[in-house]
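Asks: This is the structure I want to talk about, given as structure tokens.
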Amino acid sequence: PPDLWPSQARAEVARQIDTPYAVFIDNDVLVQPGWLEALLACADETGAGIVGPLYLWGEDADSDLIHMAGGELMIRQEGTRTVMGERHRRINTRIGELKEPLRRQACDFAEFHCMLMRREVLQAPETFDPDIVCVHEHIHASLVARQLGYGTWMEPAARVFYFAQSPW
């Protein structure tokens, strides 16, 4: 139904998936050749529950400007409260300006712009919490994967361009 929040819609779809993995991808993303094979290889070789590509953005699809090379969480206790912050690794850095090449690495989260998810994670009842109606449900999914014993990884051989700065 059209009145579902994204987490609710993903939960509906997740119940129908019978393949080992599923990819969630936004409609404003352009994939580069070999992206899917690279995500699958990373998941198979690392046992990851979630794998995200290298997300690029900029003025056009030829941009080498990084949106995110894996997400990082900062979690701390303040008295009885848990406070969480997040950041995008390498945001707004050009690939050509990196001192070292990007490598496959564990991270704390990927984003639903493009994300491969293992069936055991996507079908866990708590992954797509219907009460999460904000833009950070990707962080929740990676935290659930961690609770289930799966990591989240970033695979730089898989590259996608996110048209965040383009007009509708």
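Chain labels follow the order of the structure tokens: the first chain is A, the next B, and so on; residue numbering restarts at 1 in every chain, and ligands are counted from 1 in their shown order.
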Which polymer residues have any atom within 10 Å of an atom of Ser7 of chain A, counting only C-alpha atoms, with same-chain residues fewer than 3 positions away left out, as a VMD selection string?

Replies: chain A and resid 4 10 to 13 127 to 135 137 to 138 141

Asks: Save out the residues we just selected, N, CA, C and O atoms, as a short mmCIF file (atom, residue, chain, number, x, y, z; two decimals), in the first residue's frame.

Replies:
data_model
loop_
_atom_site.label_atom_id
_atom_site.label_comp_id
_atom_site.auth_asym_id
_atom_site.auth_seq_id
_atom_site.Cartn_x
_atom_site.Cartn_y
_atom_site.Cartn_z
N LEU A 4 2.51 3.33 3.40
CA LEU A 4 3.47 2.74 4.33
C LEU A 4 4.73 3.60 4.42
O LEU A 4 5.16 4.20 3.44
N ARG A 10 9.54 -2.20 3.53
CA ARG A 10 10.63 -3.19 3.46
C ARG A 10 10.26 -4.46 4.21
O ARG A 10 10.59 -5.56 3.77
N ALA A 11 9.59 -4.32 5.34
CA ALA A 11 9.16 -5.50 6.11
C ALA A 11 8.19 -6.35 5.29
O ALA A 11 8.27 -7.59 5.32
N GLU A 12 7.30 -5.70 4.57
CA GLU A 12 6.35 -6.44 3.72
C GLU A 12 7.09 -7.24 2.65
O GLU A 12 6.79 -8.40 2.41
N VAL A 13 8.08 -6.62 2.02
CA VAL A 13 8.84 -7.27 0.96
C VAL A 13 9.72 -8.38 1.53
O VAL A 13 9.85 -9.45 0.94
N THR A 127 14.38 -6.16 12.42
CA THR A 127 15.16 -5.37 11.46
C THR A 127 14.39 -4.18 10.94
O THR A 127 14.91 -3.07 10.88
N PHE A 128 13.16 -4.38 10.54
CA PHE A 128 12.35 -3.30 9.99
C PHE A 128 11.27 -2.92 10.99
O PHE A 128 10.11 -3.27 10.84
N ASP A 129 11.67 -2.20 12.00
CA ASP A 129 10.77 -1.78 13.08
C ASP A 129 9.74 -0.80 12.52
O ASP A 129 10.10 0.26 12.00
N PRO A 130 8.46 -1.13 12.60
CA PRO A 130 7.43 -0.26 12.03
C PRO A 130 7.32 1.10 12.73
O PRO A 130 6.73 2.03 12.18
N ASP A 131 7.90 1.22 13.90
CA ASP A 131 7.84 2.50 14.62
C ASP A 131 8.96 3.45 14.23
O ASP A 131 8.97 4.60 14.66
N ILE A 132 9.91 2.99 13.42
CA ILE A 132 10.98 3.88 12.96
C ILE A 132 10.51 4.54 11.68
O ILE A 132 10.37 3.90 10.64
N VAL A 133 10.27 5.82 11.76
CA VAL A 133 9.73 6.57 10.62
C VAL A 133 10.62 7.79 10.35
O VAL A 133 10.14 8.89 10.14
N CYS A 134 11.91 7.57 10.38
CA CYS A 134 12.86 8.65 10.10
C CYS A 134 13.86 8.17 9.06
O CYS A 134 13.74 7.07 8.54
N VAL A 135 14.87 8.96 8.81
CA VAL A 135 15.84 8.61 7.78
C VAL A 135 17.01 7.78 8.30
O VAL A 135 17.94 7.52 7.57
N GLU A 137 16.84 4.59 9.63
CA GLU A 137 16.52 3.18 9.79
C GLU A 137 17.65 2.27 9.30
O GLU A 137 17.75 1.13 9.71
N HIS A 138 18.54 2.81 8.49
CA HIS A 138 19.70 2.02 8.05
C HIS A 138 20.64 1.73 9.22
O HIS A 138 21.24 0.66 9.28
N ALA A 141 19.11 -1.10 11.20
CA ALA A 141 19.30 -2.39 10.52
C ALA A 141 20.70 -2.95 10.80
O ALA A 141 20.85 -4.14 11.09
#

Asks: Just asking: which residues within segment 15-95 of chain A are strand (DSSP E or B) according to DSSP, as a ChimeraX atom specification?

Replies: /A:21-25,29-31,50-57,65-68,71-78,81-88,94

Asks: With segment 41-53 of chain A as the partner and 10 Å as the cut-off, tabulate the residues of segment 91-125 of chain A that qualify, each row holding the nearest pair of atoms and their distance in Å to one decimal, using only C-alpha atoms, sorted by chain and rising number, as a Markdown table.

Replies:
| residue | atom | partner | partner_atom | distance |
| --- | --- | --- | --- | --- |
| A:Arg104 | CA | A:Cys42 | CA | 7.9 |
| A:Gln105 | CA | A:Cys42 | CA | 9.5 |
| A:Ala106 | CA | A:Ala48 | CA | 8.7 |
| A:Cys107 | CA | A:Val51 | CA | 9.2 |
| A:Asp108 | CA | A:Ile50 | CA | 9.9 |
| A:Phe109 | CA | A:Gly52 | CA | 8.0 |
| A:Ala110 | CA | A:Gly52 | CA | 5.0 |
| A:Glu111 | CA | A:Gly52 | CA | 6.9 |
| A:Phe112 | CA | A:Gly52 | CA | 8.5 |
| A:His113 | CA | A:Gly52 | CA | 9.0 |
| A:Cys114 | CA | A:Gly52 | CA | 6.5 |
| A:Met115 | CA | A:Gly52 | CA | 4.9 |
| A:Leu116 | CA | A:Val51 | CA | 5.1 |
| A:Met117 | CA | A:Ile50 | CA | 4.5 |
| A:Arg118 | CA | A:Gly49 | CA | 5.0 |
| A:Arg119 | CA | A:Gly49 | CA | 8.2 |
| A:Glu120 | CA | A:Gly49 | CA | 7.8 |
| A:Val121 | CA | A:Gly49 | CA | 6.2 |
| A:Leu122 | CA | A:Gly49 | CA | 8.7 |

Asks: Save the residues we just selected, N, CA, C and O atoms, as a CSV table (one decimal), in the first residue's frame?

Replies:
chain,number,residue,atom,x,y,z
A,104,ARG,N,38.3,-2.9,1.2
A,104,ARG,CA,37.2,-3.5,1.9
A,104,ARG,C,37.4,-3.4,3.4
A,104,ARG,O,38.5,-3.8,3.9
A,105,GLN,N,36.4,-3.0,4.1
A,105,GLN,CA,36.6,-2.9,5.6
A,105,GLN,C,35.2,-2.9,6.3
A,105,GLN,O,34.2,-2.6,5.7
A,106,ALA,N,35.3,-3.4,7.5
A,106,ALA,CA,34.1,-3.4,8.4
A,106,ALA,C,33.8,-1.9,8.7
A,106,ALA,O,34.6,-1.1,8.7
A,107,CYS,N,32.5,-1.7,8.9
A,107,CYS,CA,32.0,-0.4,9.3
A,107,CYS,C,30.8,-0.5,10.2
A,107,CYS,O,30.4,-1.7,10.4
A,108,ASP,N,30.2,0.5,10.6
A,108,ASP,CA,29.1,0.4,11.5
A,108,ASP,C,27.8,0.5,10.8
A,108,ASP,O,26.8,0.0,11.4
A,109,PHE,N,27.7,1.0,9.6
A,109,PHE,CA,26.4,1.0,8.9
A,109,PHE,C,26.6,1.3,7.4
A,109,PHE,O,27.7,1.9,7.0
A,110,ALA,N,25.7,0.9,6.6
A,110,ALA,CA,25.6,1.3,5.2
A,110,ALA,C,24.2,2.0,5.1
A,110,ALA,O,23.5,2.1,6.1
A,111,GLU,N,23.9,2.6,3.9
A,111,GLU,CA,22.7,3.3,3.8
A,111,GLU,C,21.8,2.6,2.7
A,111,GLU,O,22.3,1.9,1.8
A,112,PHE,N,20.5,2.9,2.8
A,112,PHE,CA,19.6,2.2,1.9
A,112,PHE,C,19.6,2.8,0.5
A,112,PHE,O,18.9,2.3,-0.4
A,113,HIS,N,20.5,3.8,0.3
A,113,HIS,CA,20.6,4.2,-1.1
A,113,HIS,C,21.0,3.0,-2.0
A,113,HIS,O,20.5,2.8,-3.1
A,114,CYS,N,21.8,2.1,-1.4
A,114,CYS,CA,22.2,0.8,-2.0
A,114,CYS,C,22.8,0.0,-0.9
A,114,CYS,O,23.8,0.4,-0.3
A,115,MET,N,22.1,-1.1,-0.6
A,115,MET,CA,22.6,-2.0,0.5
A,115,MET,C,22.2,-3.4,0.2
A,115,MET,O,21.1,-3.7,-0.2
A,116,LEU,N,23.2,-4.3,0.3
A,116,LEU,CA,22.9,-5.8,0.2
A,116,LEU,C,22.7,-6.3,1.6
A,116,LEU,O,23.5,-5.9,2.5
A,117,MET,N,21.7,-7.1,1.8
A,117,MET,CA,21.4,-7.6,3.1
A,117,MET,C,21.2,-9.1,3.0
A,117,MET,O,20.5,-9.6,2.1
A,118,ARG,N,21.8,-9.8,3.9
A,118,ARG,CA,21.6,-11.3,4.0
A,118,ARG,C,20.2,-11.6,4.5
A,118,ARG,O,19.6,-10.9,5.3
A,119,ARG,N,19.6,-12.7,4.0
A,119,ARG,CA,18.2,-13.0,4.3
A,119,ARG,C,18.0,-13.2,5.8
A,119,ARG,O,16.9,-12.7,6.3
A,120,GLU,N,18.9,-13.8,6.5
A,120,GLU,CA,18.7,-13.9,8.0
A,120,GLU,C,18.6,-12.6,8.7
A,120,GLU,O,17.9,-12.5,9.7
A,121,VAL,N,19.2,-11.6,8.2
A,121,VAL,CA,19.1,-10.2,8.8
A,121,VAL,C,17.8,-9.6,8.3
A,121,VAL,O,17.0,-9.1,9.1
A,122,LEU,N,17.5,-9.6,7.0
A,122,LEU,CA,16.3,-8.9,6.6
A,122,LEU,C,15.0,-9.6,7.0
A,122,LEU,O,14.0,-8.9,7.1

Asks: Which of these residues is nearest to Leu65 of chain A, using only C-alpha atoms: A:Arg103, A:His88, A:Arg15, A:Arg94?

Replies: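 Nearest candidate to Leu65 of chain A out of A:Arg103, A:His88, A:Arg15, A:Arg94: A:Arg94.
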
Asks: So how many Å separate atom CA of Met74 of chain A and atom CA of Glu86 of chain A, to one decimal?

Replies: 6.0 Å

Asks: Between atom CA of Leu40 of chain A and atom CA of Asp18 of chain A, what is the distance in Å, rounded to a tenth?

Replies: 15.8 Å

Asks: So how far away is atom CA of Gly70 of chain A from atom CA of Ser166 of chain A, in Å?

Replies: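 Computing the Euclidean distance for atom CA of Ser166 of chain A and atom CA of Gly70 of chain A yields 22.2 Å.
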
Asks: Calculated over only C-alpha atoms, which of the candidates A:Ala158, A:Val29, A:Leu54, A:Ala22 has the smallest distance to Gln123 of chain A?

Replies: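 Checking each candidate against Gln123 of chain A, we get A:Ala22 as the closest.
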